[in-house]
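For reference, the structure discussed in these notes is given below.
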Amino acid sequence: MTESSDATKVANWAEFKSRLADTALLSTVFIGLADVEWTPPLASRHDPLLIRRNVDRISEIADRALSLRKDIRDLEILAVKSAAEFSLFMRTSELERDIEIRRLLTPSRRLQSQGEIEAAALFGSETDLSLGFGKATSASGQALAEEVKISDLIEADIRRKHDIVRDHQIDYSKRFIESGNAHNYGERATRLLSILGREIADGLERALAVSTGLKTVYGWDTPPLPKSLNLANVDDFAVWTLDVRKQLSLFEERQDSFNITLPLVQPWLSAKSALVSEASFRKALTESGDGLIRIPFSLTSAHFFNQKVRLNAVGMSFGNAFGIVPSSGIDSIETADSFARLSALLKPPAQRLAGGQELIRQNLVLGSVGHYSAGEPVAKATGTSIENLDPVGSWELLIHPWLVWKDASERKIKDGIRNELIRDIKLWLSFTITSGA
């Protein structure tokens with residue numbers, strides 16, 4: 001084996017890239033691709049109960065991670081191929097130039113031309129035969145001399161051509177290190193790695209929240225996350241995501257939605273089982289002054305027939321006295337009630353998560369609470385503050401002391417509507433039950 005062929009022999013892909021990088025032909029970012037790792041965080045900033053939202057986002061991240069990994073690998077192949085081809089060109093261009101020149105056979109033709117001319121001089125002109133051979137040999141020598149001149153010109157052109165090609169290749173190779181150039185594969189790969197790292201970090205953080213959420217809501221333990229991720233095993237994260245999506249879909253297939261109305265003052269579950277006593281309710285309304293009216297209460301699993309439920313919407317309305325007009329079926333107070341609106345905040349119970357952590361959800365804003373009537377209440381809250389909320393626990397209702405009224409008159413809740421103090425607050429709860437969870 002020759003020295004040159006032995007010098008190009010490499011043991012593996014990593015060594016091949018390393019040799020190119022040592023000659024500054026390949027960006028070092030492609031040398032350390034195998035060393036790039038991402039590890040799951042110790043804690044998550046995401047709400048574990050927003051399971052579907054987090055799983056959908058993780059799915060997007062997994063798809064994008066696979067796409068980014070492909071783009072980075074494609075850039076790696078382009079970069080190595082370009083660097084290797086340029087290295088090969090630099091090692092072989094002079095050799096190819098010399099081969100082309102040698103094919104002209106200029107030295108041999110020059111020698112032959114000189115020999116023919118010298119032979120022509122030796123033939124002399126004593127006889128016709130020698131004269132003829134001399135002229136033929138002379139003509140052949142002159143022809144060869146012309147061929148030598150042409151060969152010299154061709155050799156010069158070959159050298160000039162190879163110089164032009166070499167200068168072009170050297171100049172073009174500078175595009176591979178020019179910042180912002182599309183040929184700067186190392187720079188492009190570095191940026192994609194930065195994006196991929198952020199996506200993976202977000203995905204792993206959400207995956208941690210999803211694991212907690214699925215255990216909390218459905219009692220299901222997710223498969224363990226990979227201890228670390230790199231370009232080679234991004235597929236493992238995609239597989240984890242597929243397994244989680246499949247199990248969540250199975251849970252959702254067994255999920256039913258229901259609504260229930262729970263009065264605070266009116267006994268409903270059983271005799272003397274009001275969430276708030278009538279005396280406490282009236283006292284809260286009349287003695288709050290100009291401050292918020294605070295009404296604490298608690299819900300138990302019995303209020304949901306001992307089912308494990310999770311909320312997806314909360315509504316509220318107020319109840320007032322029932323002033324029936326004899327023989328008409330008309331409630332004389334209902335018309336006035338329909339012009340009144342309350343504003344309230346609901347502070348939900350702290351959520352106990354799997355593993356013992358506690359999650360505090362923000363207060364629910366109900367800004368247009370109307371009177372209780374058939375159908376769903378006007379004031380409802382939905383969204384992330386409600387999603388998968390466990391309603392069992394201690395609540396607090398905070399009502400703004402002023403009423404919104406039809407005209408511009410000043411109205412306070414403690415003064416009542418048509419001198420009738422509000423009698424009750426009706427909670428409307430929409431929730432899901434998952435069979436087998």
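Here's how to read the names in the structure tokens: chain A, B, ... by the order shown, residue numbers from 1 in each chain, ligand numbers from 1 in the order shown.
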
Identify all residues of region 65-295 of chain A in strand (DSSP E) (DSSP on the backbone) and supply them as a list in words.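 Answer for region 65-295 of chain A, restricted to strand (DSSP E): Gln255, Asp256, Ser257, Phe258, Asn259, Ile260, Thr261, Leu262, Pro263, Ile293, Arg294 and Ile295 of chain A.
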
Store the residues of this selection in a file with N, CA and C atoms, as a CSV table (one decimal), in the first residue's frame.
```csv
chain,number,residue,atom,x,y,z
A,255,GLN,N,-64.9,8.6,28.7
A,255,GLN,CA,-65.2,9.8,29.5
A,255,GLN,C,-66.6,10.3,29.1
A,256,ASP,N,-67.4,10.6,30.1
A,256,ASP,CA,-68.7,11.2,29.9
A,256,ASP,C,-68.8,12.5,30.6
A,257,SER,N,-69.6,13.4,30.1
A,257,SER,CA,-69.8,14.8,30.6
A,257,SER,C,-71.2,15.0,31.2
A,258,PHE,N,-71.3,15.7,32.3
A,258,PHE,CA,-72.5,15.9,33.0
A,258,PHE,C,-72.6,17.3,33.6
A,259,ASN,N,-73.8,17.8,33.9
A,259,ASN,CA,-73.9,19.1,34.5
A,259,ASN,C,-74.7,18.9,35.8
A,260,ILE,N,-74.5,19.8,36.8
A,260,ILE,CA,-75.2,19.7,38.0
A,260,ILE,C,-75.3,21.1,38.6
A,261,THR,N,-76.4,21.4,39.2
A,261,THR,CA,-76.6,22.7,39.9
A,261,THR,C,-76.6,22.5,41.4
A,262,LEU,N,-75.8,23.2,42.1
A,262,LEU,CA,-75.6,23.1,43.5
A,262,LEU,C,-76.0,24.4,44.2
A,263,PRO,N,-77.1,24.5,45.0
A,263,PRO,CA,-77.4,25.7,45.7
A,263,PRO,C,-76.5,25.8,47.0
A,293,ILE,N,-67.8,40.7,49.6
A,293,ILE,CA,-68.7,39.8,50.4
A,293,ILE,C,-68.0,38.4,50.3
A,294,ARG,N,-67.6,37.8,51.4
A,294,ARG,CA,-66.9,36.6,51.4
A,294,ARG,C,-67.8,35.5,52.0
A,295,ILE,N,-67.9,34.4,51.2
A,295,ILE,CA,-68.8,33.3,51.6
A,295,ILE,C,-68.0,32.0,51.4
```

Could you list, as a PyMOL selection string, every residue within 10 Å of region 48-58 of chain A, counting only C-alpha atoms and ignoring same-chain residues fewer than 4 positions away? chain A and resi 44+62-64+199-200+202-217+237-238+241-242+244-245+248-249+252+310+351+353-354+359+383-390

Produce a file of the selected residues containing N, CA and C atoms, as a CSV table (one decimal), in the first residue's frame.
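Result written to selection_24.csv:
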```
chain,number,residue,atom,x,y,z
A,44,SER,N,-41.2,20.8,36.8
A,44,SER,CA,-41.9,21.4,35.6
A,44,SER,C,-42.7,22.7,36.0
A,62,ALA,N,-42.3,16.5,19.3
A,62,ALA,CA,-41.7,15.3,18.9
A,62,ALA,C,-41.6,15.2,17.4
A,63,ASP,N,-42.6,15.6,16.7
A,63,ASP,CA,-42.6,15.7,15.2
A,63,ASP,C,-41.5,16.7,14.7
A,64,ARG,N,-41.5,17.8,15.4
A,64,ARG,CA,-40.5,18.9,15.0
A,64,ARG,C,-39.1,18.4,15.3
A,199,GLU,N,-36.7,23.1,21.9
A,199,GLU,CA,-37.9,22.3,21.7
A,199,GLU,C,-37.9,21.0,22.6
A,200,ILE,N,-36.7,20.4,22.7
A,200,ILE,CA,-36.6,19.2,23.5
A,200,ILE,C,-36.8,19.6,25.0
A,202,ASP,N,-38.5,22.0,26.3
A,202,ASP,CA,-39.9,22.2,26.5
A,202,ASP,C,-40.7,20.9,26.5
A,203,GLY,N,-40.3,20.0,25.6
A,203,GLY,CA,-41.0,18.7,25.6
A,203,GLY,C,-40.8,17.9,26.8
A,204,LEU,N,-39.6,17.9,27.3
A,204,LEU,CA,-39.2,17.1,28.5
A,204,LEU,C,-39.9,17.7,29.7
A,205,GLU,N,-40.0,19.0,29.8
A,205,GLU,CA,-40.6,19.7,30.9
A,205,GLU,C,-42.1,19.4,30.9
A,206,ARG,N,-42.7,19.4,29.7
A,206,ARG,CA,-44.1,19.1,29.6
A,206,ARG,C,-44.4,17.7,29.9
A,207,ALA,N,-43.5,16.8,29.5
A,207,ALA,CA,-43.6,15.4,29.7
A,207,ALA,C,-43.7,15.1,31.2
A,208,LEU,N,-42.8,15.8,31.9
A,208,LEU,CA,-42.8,15.6,33.4
A,208,LEU,C,-44.2,16.0,34.0
A,209,ALA,N,-44.7,17.1,33.5
A,209,ALA,CA,-46.1,17.5,34.0
A,209,ALA,C,-47.1,16.5,33.6
A,210,VAL,N,-47.0,16.0,32.3
A,210,VAL,CA,-48.0,15.0,31.9
A,210,VAL,C,-48.0,13.8,32.7
A,211,SER,N,-46.8,13.3,33.1
A,211,SER,CA,-46.7,12.1,33.9
A,211,SER,C,-47.4,12.3,35.3
A,212,THR,N,-47.2,13.5,35.9
A,212,THR,CA,-47.9,13.8,37.1
A,212,THR,C,-49.4,13.9,36.9
A,213,GLY,N,-49.8,14.6,35.8
A,213,GLY,CA,-51.2,14.8,35.6
A,213,GLY,C,-51.9,13.5,35.3
A,214,LEU,N,-51.4,12.6,34.5
A,214,LEU,CA,-52.0,11.3,34.3
A,214,LEU,C,-52.1,10.4,35.5
A,215,LYS,N,-51.1,10.5,36.4
A,215,LYS,CA,-51.2,9.8,37.6
A,215,LYS,C,-52.2,10.4,38.6
A,216,THR,N,-52.3,11.7,38.6
A,216,THR,CA,-53.3,12.4,39.4
A,216,THR,C,-54.7,12.2,39.0
A,217,VAL,N,-55.0,12.3,37.7
A,217,VAL,CA,-56.4,12.3,37.2
A,217,VAL,C,-56.9,10.9,37.0
A,237,PHE,N,-38.1,9.4,22.4
A,237,PHE,CA,-39.0,10.4,23.0
A,237,PHE,C,-40.3,10.4,22.1
A,238,ALA,N,-40.1,10.2,20.8
A,238,ALA,CA,-41.3,10.1,19.9
A,238,ALA,C,-42.2,8.9,20.3
A,241,THR,N,-44.0,9.5,23.5
A,241,THR,CA,-45.2,10.4,23.2
A,241,THR,C,-46.3,9.6,22.6
A,242,LEU,N,-46.0,8.7,21.6
A,242,LEU,CA,-47.1,7.9,21.0
A,242,LEU,C,-47.8,7.0,22.0
A,244,VAL,N,-48.1,7.5,25.3
A,244,VAL,CA,-48.9,8.4,26.1
A,244,VAL,C,-50.2,8.8,25.4
A,245,ARG,N,-50.0,9.2,24.2
A,245,ARG,CA,-51.2,9.7,23.4
A,245,ARG,C,-52.2,8.5,23.3
A,248,LEU,N,-54.0,8.1,26.7
A,248,LEU,CA,-54.9,9.2,27.0
A,248,LEU,C,-56.1,9.1,26.1
A,249,SER,N,-56.0,8.7,24.9
A,249,SER,CA,-57.1,8.5,24.0
A,249,SER,C,-58.1,7.4,24.5
A,252,GLU,N,-60.0,9.0,27.3
A,252,GLU,CA,-61.0,9.9,26.8
A,252,GLU,C,-62.2,9.2,26.1
A,310,ARG,N,-64.0,15.5,37.4
A,310,ARG,CA,-63.1,16.6,37.1
A,310,ARG,C,-63.9,17.7,36.4
A,351,GLN,N,-55.3,22.0,44.7
A,351,GLN,CA,-55.3,20.7,44.1
A,351,GLN,C,-54.1,19.8,44.6
A,353,LEU,N,-51.7,16.9,44.0
A,353,LEU,CA,-51.2,16.2,42.9
A,353,LEU,C,-50.5,14.9,43.3
A,354,ALA,N,-50.4,14.0,42.4
A,354,ALA,CA,-49.7,12.7,42.7
A,354,ALA,C,-48.2,13.1,43.1
A,359,LEU,N,-51.1,22.2,44.0
A,359,LEU,CA,-51.3,23.2,42.9
A,359,LEU,C,-52.4,24.2,43.3
A,383,GLY,N,-61.8,27.1,30.5
A,383,GLY,CA,-60.4,27.3,30.2
A,383,GLY,C,-59.5,26.6,31.1
A,384,THR,N,-58.2,27.1,31.1
A,384,THR,CA,-57.2,26.4,31.8
A,384,THR,C,-57.4,26.4,33.3
A,385,SER,N,-58.0,27.5,33.8
A,385,SER,CA,-58.2,27.6,35.3
A,385,SER,C,-59.2,26.5,35.8
A,386,ILE,N,-60.0,26.0,34.9
A,386,ILE,CA,-61.1,25.0,35.2
A,386,ILE,C,-60.7,23.6,34.9
A,387,GLU,N,-59.9,23.4,33.8
A,387,GLU,CA,-59.7,22.1,33.2
A,387,GLU,C,-59.1,21.1,34.2
A,388,ASN,N,-59.8,20.0,34.3
A,388,ASN,CA,-59.5,18.9,35.2
A,388,ASN,C,-59.4,19.3,36.7
A,389,LEU,N,-60.1,20.3,37.1
A,389,LEU,CA,-60.1,20.7,38.5
A,389,LEU,C,-60.9,19.7,39.3
A,390,ASP,N,-60.4,19.3,40.4
A,390,ASP,CA,-61.1,18.5,41.4
A,390,ASP,C,-61.9,19.4,42.3
```

Rank nothing, just name the residue among A:Asp243, A:Asp47, A:Glu96, A:Glu147 nearest to Gln357 (chain A), using only C-alpha atoms. A:Asp47

Determine, counting only C-alpha atoms, which protein, DNA and RNA residues have an atom within 12 Å of an atom of Ala284 (chain A); residues of the same chain fewer than 2 positions away are not included. Present the result as number ranges by chain. A: 276-282, 286-296, 397-401, 413-414, 421-424

Please produce a file of the residues just selected, as a PDB file, in the first residue's frame, where the atoms kept are N, CA and C atoms.
```pdb
ATOM      1  N   VAL A 276     -74.215  26.544  52.921  1.00  0.00           N
ATOM      2  CA  VAL A 276     -74.080  27.750  53.743  1.00  0.00           C
ATOM      3  C   VAL A 276     -75.424  27.977  54.428  1.00  0.00           C
ATOM      4  N   SER A 277     -75.386  28.229  55.720  1.00  0.00           N
ATOM      5  CA  SER A 277     -76.650  28.458  56.442  1.00  0.00           C
ATOM      6  C   SER A 277     -77.262  29.784  55.995  1.00  0.00           C
ATOM      7  N   GLU A 278     -78.575  29.856  56.079  1.00  0.00           N
ATOM      8  CA  GLU A 278     -79.263  31.068  55.670  1.00  0.00           C
ATOM      9  C   GLU A 278     -78.826  32.263  56.497  1.00  0.00           C
ATOM     10  N   ALA A 279     -78.611  32.045  57.796  1.00  0.00           N
ATOM     11  CA  ALA A 279     -78.190  33.138  58.678  1.00  0.00           C
ATOM     12  C   ALA A 279     -76.801  33.638  58.291  1.00  0.00           C
ATOM     13  N   SER A 280     -75.889  32.719  58.014  1.00  0.00           N
ATOM     14  CA  SER A 280     -74.532  33.115  57.619  1.00  0.00           C
ATOM     15  C   SER A 280     -74.535  33.843  56.281  1.00  0.00           C
ATOM     16  N   PHE A 281     -75.389  33.399  55.386  1.00  0.00           N
ATOM     17  CA  PHE A 281     -75.478  34.018  54.067  1.00  0.00           C
ATOM     18  C   PHE A 281     -75.977  35.454  54.184  1.00  0.00           C
ATOM     19  N   ARG A 282     -77.039  35.664  54.965  1.00  0.00           N
ATOM     20  CA  ARG A 282     -77.596  37.001  55.131  1.00  0.00           C
ATOM     21  C   ARG A 282     -76.609  37.916  55.835  1.00  0.00           C
ATOM     22  N   THR A 286     -75.132  41.526  54.355  1.00  0.00           N
ATOM     23  CA  THR A 286     -75.531  42.783  54.993  1.00  0.00           C
ATOM     24  C   THR A 286     -74.433  43.443  55.813  1.00  0.00           C
ATOM     25  N   GLU A 287     -73.428  42.684  56.222  1.00  0.00           N
ATOM     26  CA  GLU A 287     -72.417  43.244  57.125  1.00  0.00           C
ATOM     27  C   GLU A 287     -71.049  43.410  56.474  1.00  0.00           C
ATOM     28  N   SER A 288     -70.986  43.295  55.177  1.00  0.00           N
ATOM     29  CA  SER A 288     -69.683  43.415  54.502  1.00  0.00           C
ATOM     30  C   SER A 288     -69.279  44.857  54.261  1.00  0.00           C
ATOM     31  N   GLY A 289     -70.210  45.803  54.431  1.00  0.00           N
ATOM     32  CA  GLY A 289     -69.906  47.196  54.144  1.00  0.00           C
ATOM     33  C   GLY A 289     -69.647  47.386  52.665  1.00  0.00           C
ATOM     34  N   ASP A 290     -68.580  48.112  52.354  1.00  0.00           N
ATOM     35  CA  ASP A 290     -68.219  48.321  50.947  1.00  0.00           C
ATOM     36  C   ASP A 290     -67.127  47.361  50.489  1.00  0.00           C
ATOM     37  N   GLY A 291     -66.782  46.403  51.346  1.00  0.00           N
ATOM     38  CA  GLY A 291     -65.767  45.427  50.978  1.00  0.00           C
ATOM     39  C   GLY A 291     -66.369  44.215  50.287  1.00  0.00           C
ATOM     40  N   LEU A 292     -65.516  43.329  49.828  1.00  0.00           N
ATOM     41  CA  LEU A 292     -65.982  42.119  49.167  1.00  0.00           C
ATOM     42  C   LEU A 292     -66.797  41.269  50.130  1.00  0.00           C
ATOM     43  N   ILE A 293     -67.849  40.684  49.600  1.00  0.00           N
ATOM     44  CA  ILE A 293     -68.682  39.759  50.378  1.00  0.00           C
ATOM     45  C   ILE A 293     -68.042  38.379  50.290  1.00  0.00           C
ATOM     46  N   ARG A 294     -67.613  37.848  51.418  1.00  0.00           N
ATOM     47  CA  ARG A 294     -66.893  36.577  51.442  1.00  0.00           C
ATOM     48  C   ARG A 294     -67.789  35.474  51.982  1.00  0.00           C
ATOM     49  N   ILE A 295     -67.924  34.407  51.187  1.00  0.00           N
ATOM     50  CA  ILE A 295     -68.776  33.285  51.576  1.00  0.00           C
ATOM     51  C   ILE A 295     -67.987  31.990  51.361  1.00  0.00           C
ATOM     52  N   PRO A 296     -67.457  31.412  52.429  1.00  0.00           N
ATOM     53  CA  PRO A 296     -66.741  30.138  52.287  1.00  0.00           C
ATOM     54  C   PRO A 296     -67.718  28.968  52.303  1.00  0.00           C
ATOM     55  N   LEU A 397     -66.282  32.101  47.915  1.00  0.00           N
ATOM     56  CA  LEU A 397     -66.959  32.980  46.976  1.00  0.00           C
ATOM     57  C   LEU A 397     -66.759  34.421  47.425  1.00  0.00           C
ATOM     58  N   LEU A 398     -66.289  35.261  46.520  1.00  0.00           N
ATOM     59  CA  LEU A 398     -66.091  36.683  46.801  1.00  0.00           C
ATOM     60  C   LEU A 398     -66.956  37.478  45.833  1.00  0.00           C
ATOM     61  N   ILE A 399     -67.958  38.205  46.380  1.00  0.00           N
ATOM     62  CA  ILE A 399     -68.908  38.945  45.563  1.00  0.00           C
ATOM     63  C   ILE A 399     -68.657  40.438  45.724  1.00  0.00           C
ATOM     64  N   HIS A 400     -68.653  41.144  44.597  1.00  0.00           N
ATOM     65  CA  HIS A 400     -68.506  42.598  44.649  1.00  0.00           C
ATOM     66  C   HIS A 400     -69.767  43.197  45.275  1.00  0.00           C
ATOM     67  N   PRO A 401     -69.624  44.179  46.174  1.00  0.00           N
ATOM     68  CA  PRO A 401     -70.791  44.670  46.931  1.00  0.00           C
ATOM     69  C   PRO A 401     -71.787  45.481  46.109  1.00  0.00           C
ATOM     70  N   ILE A 413     -75.744  45.402  46.935  1.00  0.00           N
ATOM     71  CA  ILE A 413     -76.335  44.086  47.173  1.00  0.00           C
ATOM     72  C   ILE A 413     -77.035  44.045  48.520  1.00  0.00           C
ATOM     73  N   LYS A 414     -76.463  44.695  49.512  1.00  0.00           N
ATOM     74  CA  LYS A 414     -77.059  44.631  50.857  1.00  0.00           C
ATOM     75  C   LYS A 414     -78.425  45.312  50.920  1.00  0.00           C
ATOM     76  N   LEU A 421     -83.684  40.968  49.669  1.00  0.00           N
ATOM     77  CA  LEU A 421     -82.293  40.548  49.728  1.00  0.00           C
ATOM     78  C   LEU A 421     -82.119  39.235  48.965  1.00  0.00           C
ATOM     79  N   ILE A 422     -81.042  39.135  48.240  1.00  0.00           N
ATOM     80  CA  ILE A 422     -80.763  37.903  47.506  1.00  0.00           C
ATOM     81  C   ILE A 422     -80.820  36.719  48.461  1.00  0.00           C
ATOM     82  N   ARG A 423     -81.503  35.664  48.052  1.00  0.00           N
ATOM     83  CA  ARG A 423     -81.731  34.536  48.947  1.00  0.00           C
ATOM     84  C   ARG A 423     -80.702  33.407  48.805  1.00  0.00           C
ATOM     85  N   ASP A 424     -80.097  33.292  47.624  1.00  0.00           N
ATOM     86  CA  ASP A 424     -79.241  32.118  47.413  1.00  0.00           C
ATOM     87  C   ASP A 424     -78.293  32.369  46.233  1.00  0.00           C
TER      88      ASP A 424
END
```

Find the residues near region 301-309 of chain A: any atom within 7 Å, counting only C-alpha atoms, skip ones fewer than 2 places away on the same chain, and give them as a ChimeraX atom specification. /A:269,299,311,390,392,431-433

N, CA and C atoms of the current selection, written as a tab-separated table (two decimals), in the first residue's frame:
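Result file follows (result-v7.tsv):
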```
chain	number	residue	atom	x	y	z
A	269	LEU	N	-78.98	18.20	49.06
A	269	LEU	CA	-78.54	16.81	49.12
A	269	LEU	C	-79.40	16.01	50.09
A	299	LEU	N	-67.23	21.48	49.27
A	299	LEU	CA	-67.91	20.43	48.53
A	299	LEU	C	-67.26	19.09	48.84
A	311	LEU	N	-63.76	18.95	36.78
A	311	LEU	CA	-64.55	20.04	36.20
A	311	LEU	C	-64.00	20.46	34.84
A	390	ASP	N	-60.36	19.32	40.42
A	390	ASP	CA	-61.09	18.47	41.37
A	390	ASP	C	-61.91	19.38	42.27
A	392	VAL	N	-63.76	18.79	44.90
A	392	VAL	CA	-63.90	18.42	46.30
A	392	VAL	C	-62.89	19.21	47.13
A	431	PHE	N	-68.88	18.72	34.47
A	431	PHE	CA	-67.75	17.87	34.85
A	431	PHE	C	-67.75	16.59	34.02
A	432	THR	N	-66.64	15.89	34.11
A	432	THR	CA	-66.49	14.61	33.40
A	432	THR	C	-66.24	13.50	34.40
A	433	ILE	N	-66.69	12.31	34.02
A	433	ILE	CA	-66.43	11.10	34.78
A	433	ILE	C	-65.81	10.08	33.83
```

As a list in words, please: the residues near region 66-71 of chain A (cut-off 10 Å, only C-alpha atoms, same-chain neighbours under 2 positions excluded).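 That gives Ile61, Ala62, Asp63, Arg64, Arg73, Asp74, Leu75, Glu76, Ile77, Arg188, Ala189, Leu192, Leu193, Ile195, Leu196, Glu199, Asn230, Leu231, Ala232, Asn233, Val234, Asp235, Phe237 and Ala238 of chain A.
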
Interatomic distance, CA of Leu345 (chain A) to CA of Gly315 (chain A) (Å, one decimal): 11.1 Å

Find the residues near region 360-367 of chain A: any atom within 6 Å, counting only C-alpha atoms, skip ones fewer than 6 places away on the same chain, and give them as a list in words.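 Final neighbour list, sorted by chain and number: Ser343, Ala344, Leu345, Leu346, Lys347, Ala350 and Ala379 of chain A.
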
Among the residues A:Asp157, A:Leu285, A:Glu100, A:Tyr185, the one that comes closest to Phe30 (chain A) [using only C-alpha atoms]: A:Tyr185

Residue neighbourhood Leu78 (chain A), 10 Å, only C-alpha atoms, exclusion window fewer than 6 positions, as a ChimeraX atom specification: /A:72,84,183,185

CA of Ala274 (chain A) to CA of Lys426 (chain A), distance in Å rounded to a single decimal: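 Taking CA of Ala274 (chain A) and CA of Lys426 (chain A), their separation equals 11.7 Å.
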
Find the residue from A:Ser338, A:Gln266, A:Ser394, A:Arg91 that sits nearest to Ser373 (chain A); use only C-alpha atoms when measuring.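 So, comparing all the options, the nearest one is A:Ser338.
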
My list of candidates is A:Ala83, A:Asp35, A:Leu42, A:Lys246. Which is closest to Phe16 (chain A) when distances are computed with only C-alpha atoms? A:Ala83

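You will find CA of Arg411 (chain A) at 15.9 Å from CA of Phe318 (chain A).
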